[in-house]
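*Asks:* Starting off with a structure, shown below.
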Amino acid sequence: MEISVPMLSLLQQHFLNQPQKTAVILQHAGQPDVLIDYQTLLEQSARYARAYENAKILPGEVVVLILQHSADLIFAFWGAILGGQIPSIMPFLTEKLAPERYRADLAALVGVTQPAAMVTSPEFEAEVRGALGPGSSVRAVLLTSQIPASAEVNFQQAGGLARSSEEIVLLQHSSGTTGLQKGVALSQRAILNQLTAYRAALQLQPEDVLVSWLPLYHDMGLIAGFLMPILSGVTLVLMSPFDWVRAPYRLFQSVGQYRGTLSWLPNFAYNFCAQKVRERDLAGVDLSSWRLITNCSEPVKAESQRAFYERFAPYGLKESALACSYAMAENVFGVTQTPAGTLPVTDEIDRAAYINERRALPPQPGQAAQVMLSSGRALANTKLRVVDEAGNDLPDRVIGEIALQSDCMLTGYYRRPDATEQALRGGWYFTGDYGYTLNGELFVAGRKKDMIIVGGKNVYPQDLEALAYEVPCIHAGRAVAFGIEDEKAGTEEAVIVAEVDTDNPQEREQIAEALRRHVTQNSAITLRYAHIVGAKWILKTSSGKTARAANREKFLTESA
Amino acid sequence: MNAIIEKIATYIAKDILKQPKRVITPTEKLISSGLVDSFSLVDLGLFIEDNFGVRIDDTELNAETFDTLEELERVIKELGIRN
């Protein structure tokens, strides 16, 4: 019998037609690779579907997954898809994060998302239960050790058949405390439409091999680095982000070993790999199979692409493999992509006009110029506009807010109608990013929203400032957070400037240290720049609000 | 403070933290405190290799293996003996 639910139909096709094809090669540093074929993937996922059913978790209810990089994470996710529950993968506690902060964030998420179940490992059970207060929506905490040992794969009886393609199929949460409570709700229709359009832009083939170290709680990891290959019948080599960050060479060894063809990386990873991978770890590595490496999820830099290419060209890296994309969870993932096999277009512009007039004009002779890197062209299903404050379309080379419309947009922010209404207006999603167009190419140029992107992680200055106020001697309203560019790292660094009463240098240094430590242990990022100043340093607008951009300029001028 | 600890303390303060004057005590938590973040662990590993001739396996670049300068010194000495 034909299955009308698109994701289940795709999974069934792979299960029936190519059960022995490798779906996932799961890598753990220091352990042998685990090959998971489609038959195993579905059989193991069916165990989780059965566990959800046994716990009476209904189709359409949310299941939050709090698991480390593991086969169980993969099976728990696809088990929910089979059963029709809505999976949402949450970041796992990291070494540096204060456990009480993690618990508070998790409690806040549970409050907004109202999940019916959580899945975690036995070691982490106490942590998860600690986040559940009385009257919590969570009816079951399922442990990986307690999942039925086996279950039949039966697509005709799958709980997921009860879900229409218009209904929400998964939630994607961005990091950060403000973002944590804003889960992007996506329908099957949106995801399938995105995959159709994105596959075409990539010219994805069944024999492609995708190599990824990206975390699955991030949209780039979840969609490009997980859903797309598995639903498309493309083999995925999946390593742990924790392993990669300690040994970036593993990415290259995996590409060489498995003849990888596709990868996605945030911009900082280009610098990180170019600077930190040693010759001896590349001995015998052949990167000639790598046909598309997409730079995505933070501002793309020509210098980062160049450094990466020069470092790895001796190992067979093709320059034509270097691609760029502009993507966001609100469009499922990809919005633009540079055409496969061609180098991203660059545009040299006049720096003064860019900063002062918000125009991307050809450089004036003798004046400072800067090179912009194109993020590519809109996917076939996505329309782009660049608009001014009043919502009027802007011509080529004029910078405005990027808005998009497609057949793969978010259903909304889950249980957050206020946030949904703000972002979706007249059928368009207003991205909060600035950019300009040129001959159909999109160049992203800064952002309207206050977000800071540190190594691909989104953080909000409001959250960092709120953390600053928790530090003794820093008073509410007397700190400001913003991002500054770190050219060497190819990403942004967060800065917090805080006013204090004391002018004793030793005391100030102690406050700075306390601020660094508190923010580092209570947010996704590591704070390096804690700048302690005297009263009245921070610039405010006439209405008393903190002017982040002006304070950023002041900080940069003073540190120059 | 002995030579190994002092050399690493100076490196962390100057190159990782960008605060050359920052004093790091031998028992201060490095990893679990977030002082040395995960992006800097690979740098620390390479610094140790270049200066002390021992390679800490990347699977051991974590707080369980060492979380203080004192513990790191012990790891370096043990690896040195094994070589």
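Letters for chains follow the order of the structure tokens (A, B, ...), residue numbers begin at 1 for each chain, and ligand numbers begin at 1 in the order shown.
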Near Asp57 of chain B, within 12 Å and counting only C-alpha atoms, which residues show up once chain neighbours fewer than 4 positions away are dropped, as a VMD selection string?
*Replies:* (chain A and resid 29 to 30 243 246 to 247) or (chain B and resid 41 to 42 44 to 46 48 to 49 61 to 62 65 75 to 76 79)
*Asks:* Selected residues, N, CA and C atoms, written as a PDB file, in the first residue's frame, please.
*Replies:*
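The file below, out.pdb, is the result:
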```pdb
ATOM      1  N   ALA A  29      35.970   9.183  18.292  1.00  0.00           N
ATOM      2  CA  ALA A  29      37.428   9.144  18.393  1.00  0.00           C
ATOM      3  C   ALA A  29      37.858   8.003  19.309  1.00  0.00           C
ATOM      4  N   GLY A  30      38.827   7.240  18.843  1.00  0.00           N
ATOM      5  CA  GLY A  30      39.364   6.164  19.662  1.00  0.00           C
ATOM      6  C   GLY A  30      38.552   4.888  19.625  1.00  0.00           C
ATOM      7  N   ASP A 243      34.789  15.716  19.270  1.00  0.00           N
ATOM      8  CA  ASP A 243      36.007  15.117  18.709  1.00  0.00           C
ATOM      9  C   ASP A 243      36.648  16.054  17.685  1.00  0.00           C
ATOM     10  N   ARG A 246      38.650  19.076  19.061  1.00  0.00           N
ATOM     11  CA  ARG A 246      39.937  18.707  19.667  1.00  0.00           C
ATOM     12  C   ARG A 246      40.921  18.172  18.630  1.00  0.00           C
ATOM     13  N   ALA A 247      40.395  17.748  17.489  1.00  0.00           N
ATOM     14  CA  ALA A 247      41.243  17.149  16.457  1.00  0.00           C
ATOM     15  C   ALA A 247      40.634  17.440  15.084  1.00  0.00           C
TER      16      ALA A 247
ATOM     17  N   LEU B  41      41.857  24.053  23.195  1.00  0.00           N
ATOM     18  CA  LEU B  41      42.515  22.830  23.665  1.00  0.00           C
ATOM     19  C   LEU B  41      43.490  22.286  22.641  1.00  0.00           C
ATOM     20  N   VAL B  42      43.112  22.403  21.370  1.00  0.00           N
ATOM     21  CA  VAL B  42      44.011  21.894  20.332  1.00  0.00           C
ATOM     22  C   VAL B  42      45.310  22.706  20.317  1.00  0.00           C
ATOM     23  N   LEU B  44      46.637  24.206  22.906  1.00  0.00           N
ATOM     24  CA  LEU B  44      47.387  23.794  24.098  1.00  0.00           C
ATOM     25  C   LEU B  44      48.116  22.474  23.826  1.00  0.00           C
ATOM     26  N   GLY B  45      47.429  21.552  23.171  1.00  0.00           N
ATOM     27  CA  GLY B  45      48.042  20.268  22.823  1.00  0.00           C
ATOM     28  C   GLY B  45      49.265  20.452  21.929  1.00  0.00           C
ATOM     29  N   LEU B  46      49.153  21.330  20.942  1.00  0.00           N
ATOM     30  CA  LEU B  46      50.262  21.564  20.016  1.00  0.00           C
ATOM     31  C   LEU B  46      51.426  22.261  20.730  1.00  0.00           C
ATOM     32  N   ILE B  48      52.244  21.966  23.866  1.00  0.00           N
ATOM     33  CA  ILE B  48      52.909  20.970  24.713  1.00  0.00           C
ATOM     34  C   ILE B  48      53.803  20.061  23.863  1.00  0.00           C
ATOM     35  N   GLU B  49      53.278  19.685  22.726  1.00  0.00           N
ATOM     36  CA  GLU B  49      54.063  18.833  21.826  1.00  0.00           C
ATOM     37  C   GLU B  49      55.350  19.545  21.389  1.00  0.00           C
ATOM     38  N   LEU B  61      42.253  15.180  25.613  1.00  0.00           N
ATOM     39  CA  LEU B  61      42.241  16.621  25.864  1.00  0.00           C
ATOM     40  C   LEU B  61      40.923  16.982  26.540  1.00  0.00           C
ATOM     41  N   ASN B  62      40.790  16.598  27.796  1.00  0.00           N
ATOM     42  CA  ASN B  62      39.550  16.909  28.521  1.00  0.00           C
ATOM     43  C   ASN B  62      39.831  16.974  30.023  1.00  0.00           C
ATOM     44  N   THR B  65      41.279  13.997  32.090  1.00  0.00           N
ATOM     45  CA  THR B  65      42.712  13.718  32.043  1.00  0.00           C
ATOM     46  C   THR B  65      43.501  14.761  32.830  1.00  0.00           C
ATOM     47  N   VAL B  75      50.781  14.608  33.612  1.00  0.00           N
ATOM     48  CA  VAL B  75      50.513  13.930  32.333  1.00  0.00           C
ATOM     49  C   VAL B  75      51.731  14.040  31.412  1.00  0.00           C
ATOM     50  N   ILE B  76      52.320  15.229  31.364  1.00  0.00           N
ATOM     51  CA  ILE B  76      53.485  15.441  30.491  1.00  0.00           C
ATOM     52  C   ILE B  76      54.651  14.555  30.935  1.00  0.00           C
ATOM     53  N   LEU B  79      53.960  10.876  30.085  1.00  0.00           N
ATOM     54  CA  LEU B  79      54.123  10.614  28.652  1.00  0.00           C
ATOM     55  C   LEU B  79      55.594  10.625  28.287  1.00  0.00           C
TER      56      LEU B  79
END
```
*Asks:* Determine, for each residue of chain A having at least one atom at most 9 Å from an atom of chain B, the closest pair of atoms and their separation in Å to one decimal, counting only C-alpha atoms; order by chain and ascending number, as a tab-separated table.
*Replies:*
```
residue	atom	partner	partner_atom	distance
A:Ala29	CA	B:Thr59	CA	6.4
A:Gly30	CA	B:Thr59	CA	6.8
A:Thr94	CA	B:Ser32	CA	8.9
A:Glu95	CA	B:Ser32	CA	5.3
A:Lys96	CA	B:Ser32	CA	4.8
A:Leu97	CA	B:Gly34	CA	7.8
A:Ala98	CA	B:Ser33	CA	8.8
A:Phe242	CA	B:Ser38	CA	8.1
A:Asp243	CA	B:Thr59	CA	7.2
A:Val245	CA	B:Phe39	CA	6.1
A:Arg246	CA	B:Val42	CA	5.2
A:Ala247	CA	B:Asp58	CA	5.9
A:Pro248	CA	B:Val42	CA	8.5
A:Phe272	CA	B:Phe39	CA	8.5
A:Lys276	CA	B:Asp43	CA	7.3
A:Arg516	CA	B:Leu35	CA	8.6
A:Arg517	CA	B:Ser33	CA	7.1
A:Thr520	CA	B:Gly34	CA	6.1
A:Gln521	CA	B:Gly34	CA	6.5
A:Ile525	CA	B:Asp37	CA	8.8
A:Thr526	CA	B:Asp37	CA	6.6
A:Arg528	CA	B:Leu17	CA	6.7
```
*Asks:* I'd like the contact shell of Thr338 of chain A - 10 Å cut-off, only C-alpha atoms, skipping same-chain residues fewer than 5 positions apart - returned as a PyMOL selection string.
*Replies:* chain A and resi 201-202+294-295+322-326+343-345+374-379+441-442
*Asks:* Give me the residues near Arg416 of chain A as an mmCIF file with C-alpha atoms, in the first residue's frame, where near means some atom within 10 Å (using only C-alpha atoms) and where sequence neighbours in that chain fewer than 2 positions away do not count.
*Replies:*
```cif
data_model
loop_
_atom_site.group_PDB
_atom_site.id
_atom_site.type_symbol
_atom_site.label_atom_id
_atom_site.label_comp_id
_atom_site.auth_asym_id
_atom_site.auth_seq_id
_atom_site.Cartn_x
_atom_site.Cartn_y
_atom_site.Cartn_z
ATOM 1 C CA VAL A 112 7.325 26.889 26.646
ATOM 2 C CA THR A 113 7.459 23.721 24.546
ATOM 3 C CA GLN A 181 12.526 29.426 24.066
ATOM 4 C CA LYS A 182 11.968 30.017 20.368
ATOM 5 C CA GLY A 183 11.652 26.638 18.693
ATOM 6 C CA VAL A 184 11.219 26.787 14.935
ATOM 7 C CA GLY A 412 5.733 29.448 13.288
ATOM 8 C CA TYR A 413 7.745 29.673 16.473
ATOM 9 C CA TYR A 414 6.320 26.897 18.595
ATOM 10 C CA ASP A 418 4.067 36.918 19.476
ATOM 11 C CA ALA A 419 7.446 36.049 17.971
ATOM 12 C CA THR A 420 5.787 34.520 14.899
ATOM 13 C CA GLU A 421 3.726 37.637 14.231
#
```
*Asks:* Rounded to one decimal, what separation in Å do you get between atom CA of Ala190 of chain A and atom CA of Val169 of chain A?
*Replies:*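 Separation between atom CA of Ala190 of chain A and atom CA of Val169 of chain A: 9.6 Å.
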*Asks:* Of the candidates B:Thr10, B:Asn2, B:Thr27, B:Asn51, which one gets nearest to Glu71 of chain B if we count only C-alpha atoms?
*Replies:*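 With only C-alpha atoms as the atom set, the closest residue is B:Thr27.
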*Asks:* Figure out the distance between atom CA of Lys21 of chain B and atom CA of Pro505 of chain A, please, to one decimal in Å.
*Replies:* 12.7 Å
*Asks:* Listing only residues of segment 13-81 of chain A within 8 Å of segment 126-149 of chain A, what is the closest atom pair and its distance in Å (to one decimal) for each, using only C-alpha atoms, sorted by chain and residue number ascending, as JSON lines?
*Replies:*
```
{"residue": "A:Arg47", "atom": "CA", "partner": "A:Pro148", "partner_atom": "CA", "distance": 5.7}
{"residue": "A:Tyr48", "atom": "CA", "partner": "A:Ile147", "partner_atom": "CA", "distance": 6.4}
{"residue": "A:Arg50", "atom": "CA", "partner": "A:Pro148", "partner_atom": "CA", "distance": 7.2}
{"residue": "A:Ala51", "atom": "CA", "partner": "A:Ile147", "partner_atom": "CA", "distance": 5.8}
{"residue": "A:Ala55", "atom": "CA", "partner": "A:Ala140", "partner_atom": "CA", "distance": 6.7}
{"residue": "A:Asp72", "atom": "CA", "partner": "A:Thr144", "partner_atom": "CA", "distance": 6.9}
```
*Asks:* Between atom CA of Ser232 of chain A and atom CA of Val62 of chain A, what distance in Å does the model show, to one decimal?
*Replies:*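 So the answer is 24.8 Å.
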*Asks:* For the alpha helix (DSSP H) assignment from backbone DSSP, which residues of chain B qualify? Please present them as a ChimeraX atom specification.
*Replies:* /B:3-11,38-52,69-82
*Asks:* Keeping only N, CA and C atoms, write those residues as a CSV table (one decimal), in the first residue's frame.
*Replies:*
```
chain,number,residue,atom,x,y,z
B,3,ALA,N,59.5,24.7,36.2
B,3,ALA,CA,59.6,25.3,34.8
B,3,ALA,C,58.5,24.9,33.9
B,4,ILE,N,58.0,23.6,34.0
B,4,ILE,CA,57.0,23.2,33.1
B,4,ILE,C,55.7,24.0,33.3
B,5,ILE,N,55.3,24.0,34.6
B,5,ILE,CA,54.1,24.7,35.0
B,5,ILE,C,54.2,26.2,34.6
B,6,GLU,N,55.3,26.8,34.8
B,6,GLU,CA,55.5,28.2,34.6
B,6,GLU,C,55.4,28.5,33.1
B,7,LYS,N,56.0,27.7,32.3
B,7,LYS,CA,55.9,27.9,30.8
B,7,LYS,C,54.5,27.8,30.3
B,8,ILE,N,53.8,26.8,30.8
B,8,ILE,CA,52.4,26.6,30.3
B,8,ILE,C,51.5,27.7,30.8
B,9,ALA,N,51.7,28.1,32.0
B,9,ALA,CA,50.9,29.2,32.6
B,9,ALA,C,51.1,30.5,31.8
B,10,THR,N,52.3,30.8,31.4
B,10,THR,CA,52.6,32.0,30.6
B,10,THR,C,51.9,31.9,29.3
B,11,TYR,N,52.0,30.7,28.7
B,11,TYR,CA,51.4,30.5,27.4
B,11,TYR,C,49.9,30.7,27.4
B,38,SER,N,37.1,24.9,24.6
B,38,SER,CA,37.3,23.7,23.8
B,38,SER,C,38.1,24.1,22.5
B,39,PHE,N,37.9,25.3,22.0
B,39,PHE,CA,38.6,25.7,20.8
B,39,PHE,C,40.1,26.0,21.0
B,40,SER,N,40.4,26.2,22.3
B,40,SER,CA,41.9,26.4,22.6
B,40,SER,C,42.6,25.1,23.0
B,41,LEU,N,41.9,24.1,23.2
B,41,LEU,CA,42.5,22.8,23.7
B,41,LEU,C,43.5,22.3,22.6
B,42,VAL,N,43.1,22.4,21.4
B,42,VAL,CA,44.0,21.9,20.3
B,42,VAL,C,45.3,22.7,20.3
B,43,ASP,N,45.2,24.0,20.5
B,43,ASP,CA,46.4,24.9,20.6
B,43,ASP,C,47.3,24.5,21.8
B,44,LEU,N,46.6,24.2,22.9
B,44,LEU,CA,47.4,23.8,24.1
B,44,LEU,C,48.1,22.5,23.8
B,45,GLY,N,47.4,21.6,23.2
B,45,GLY,CA,48.0,20.3,22.8
B,45,GLY,C,49.3,20.5,21.9
B,46,LEU,N,49.2,21.3,20.9
B,46,LEU,CA,50.3,21.6,20.0
B,46,LEU,C,51.4,22.3,20.7
B,47,PHE,N,51.1,23.2,21.6
B,47,PHE,CA,52.1,23.9,22.4
B,47,PHE,C,52.9,22.9,23.2
B,48,ILE,N,52.2,22.0,23.9
B,48,ILE,CA,52.9,21.0,24.7
B,48,ILE,C,53.8,20.1,23.9
B,49,GLU,N,53.3,19.7,22.7
B,49,GLU,CA,54.1,18.8,21.8
B,49,GLU,C,55.4,19.5,21.4
B,50,ASP,N,55.2,20.8,21.0
B,50,ASP,CA,56.4,21.6,20.5
B,50,ASP,C,57.4,21.8,21.6
B,51,ASN,N,56.9,22.0,22.8
B,51,ASN,CA,57.8,22.4,23.9
B,51,ASN,C,58.4,21.3,24.8
B,52,PHE,N,57.6,20.2,24.9
B,52,PHE,CA,58.0,19.2,25.8
B,52,PHE,C,58.2,17.8,25.1
B,69,LEU,N,47.1,22.9,36.1
B,69,LEU,CA,48.5,22.9,35.6
B,69,LEU,C,49.2,21.8,36.2
B,70,GLU,N,49.0,21.5,37.5
B,70,GLU,CA,49.6,20.5,38.3
B,70,GLU,C,49.3,19.1,37.6
B,71,GLU,N,48.1,18.9,37.3
B,71,GLU,CA,47.7,17.6,36.7
B,71,GLU,C,48.3,17.5,35.3
B,72,LEU,N,48.3,18.6,34.6
B,72,LEU,CA,48.9,18.6,33.2
B,72,LEU,C,50.4,18.3,33.3
B,73,GLU,N,51.1,18.8,34.3
B,73,GLU,CA,52.5,18.5,34.4
B,73,GLU,C,52.7,17.0,34.6
B,74,ARG,N,51.9,16.4,35.4
B,74,ARG,CA,52.0,15.0,35.7
B,74,ARG,C,51.8,14.2,34.4
B,75,VAL,N,50.8,14.6,33.6
B,75,VAL,CA,50.5,13.9,32.3
B,75,VAL,C,51.7,14.0,31.4
B,76,ILE,N,52.3,15.2,31.4
B,76,ILE,CA,53.5,15.4,30.5
B,76,ILE,C,54.7,14.6,30.9
B,77,LYS,N,54.9,14.5,32.2
B,77,LYS,CA,56.0,13.7,32.8
B,77,LYS,C,55.8,12.2,32.5
B,78,GLU,N,54.5,11.8,32.7
B,78,GLU,CA,54.2,10.3,32.4
B,78,GLU,C,54.4,10.0,31.0
B,79,LEU,N,54.0,10.9,30.1
B,79,LEU,CA,54.1,10.6,28.7
B,79,LEU,C,55.6,10.6,28.3
B,80,GLY,N,56.4,11.5,28.9
B,80,GLY,CA,57.8,11.6,28.7
B,80,GLY,C,58.5,10.3,29.0
B,81,ILE,N,58.1,9.7,30.1
B,81,ILE,CA,58.7,8.5,30.6
B,81,ILE,C,58.4,7.3,29.6
B,82,ARG,N,57.1,7.3,29.2
B,82,ARG,CA,56.7,6.2,28.3
B,82,ARG,C,57.5,6.3,26.9
```
*Asks:* Considering only C-alpha atoms, return as a list in words whatever protein or nucleic-acid residues lie within 8 Å of Ser165 of chain A, sequence-local ones (same chain, fewer than 3 positions apart) excluded.
*Replies:*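 Final neighbour list, sorted by chain and number: Val5, Pro6, Ile168, Ser187, Gln188 and Arg189 of chain A.
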*Asks:* Keeping only C-alpha atoms, write those residues as a PDB file, in the first residue's frame.
*Replies:*
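And here is the file that came out, out-v4.pdb:
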```pdb
ATOM      1  CA  VAL A   5       3.083  10.665   4.528  1.00  0.00           C
ATOM      2  CA  PRO A   6       6.164  11.843   2.617  1.00  0.00           C
ATOM      3  CA  ILE A 168       4.510  20.080  12.503  1.00  0.00           C
ATOM      4  CA  SER A 187       6.036  20.841   8.660  1.00  0.00           C
ATOM      5  CA  GLN A 188       6.839  17.798   6.543  1.00  0.00           C
ATOM      6  CA  ARG A 189       5.721  19.709   3.477  1.00  0.00           C
TER       7      ARG A 189
END
```
*Asks:* Skipping near chain neighbours, those fewer than 5 positions away, what residues fall within 10 Å of segment 280-287 of chain A using only C-alpha atoms, listed as a ChimeraX atom specification?
*Replies:* /A:247-250,252-257,259-261,312-318
*Asks:* Which residues come within 9 Å of segment 536-551 of chain A, counting only C-alpha atoms, excluding same-chain residues fewer than 2 positions away, as an MDAnalysis selection string?
*Replies:* chainID A and resid 450 461 477:482 497:499 533:534 553:556
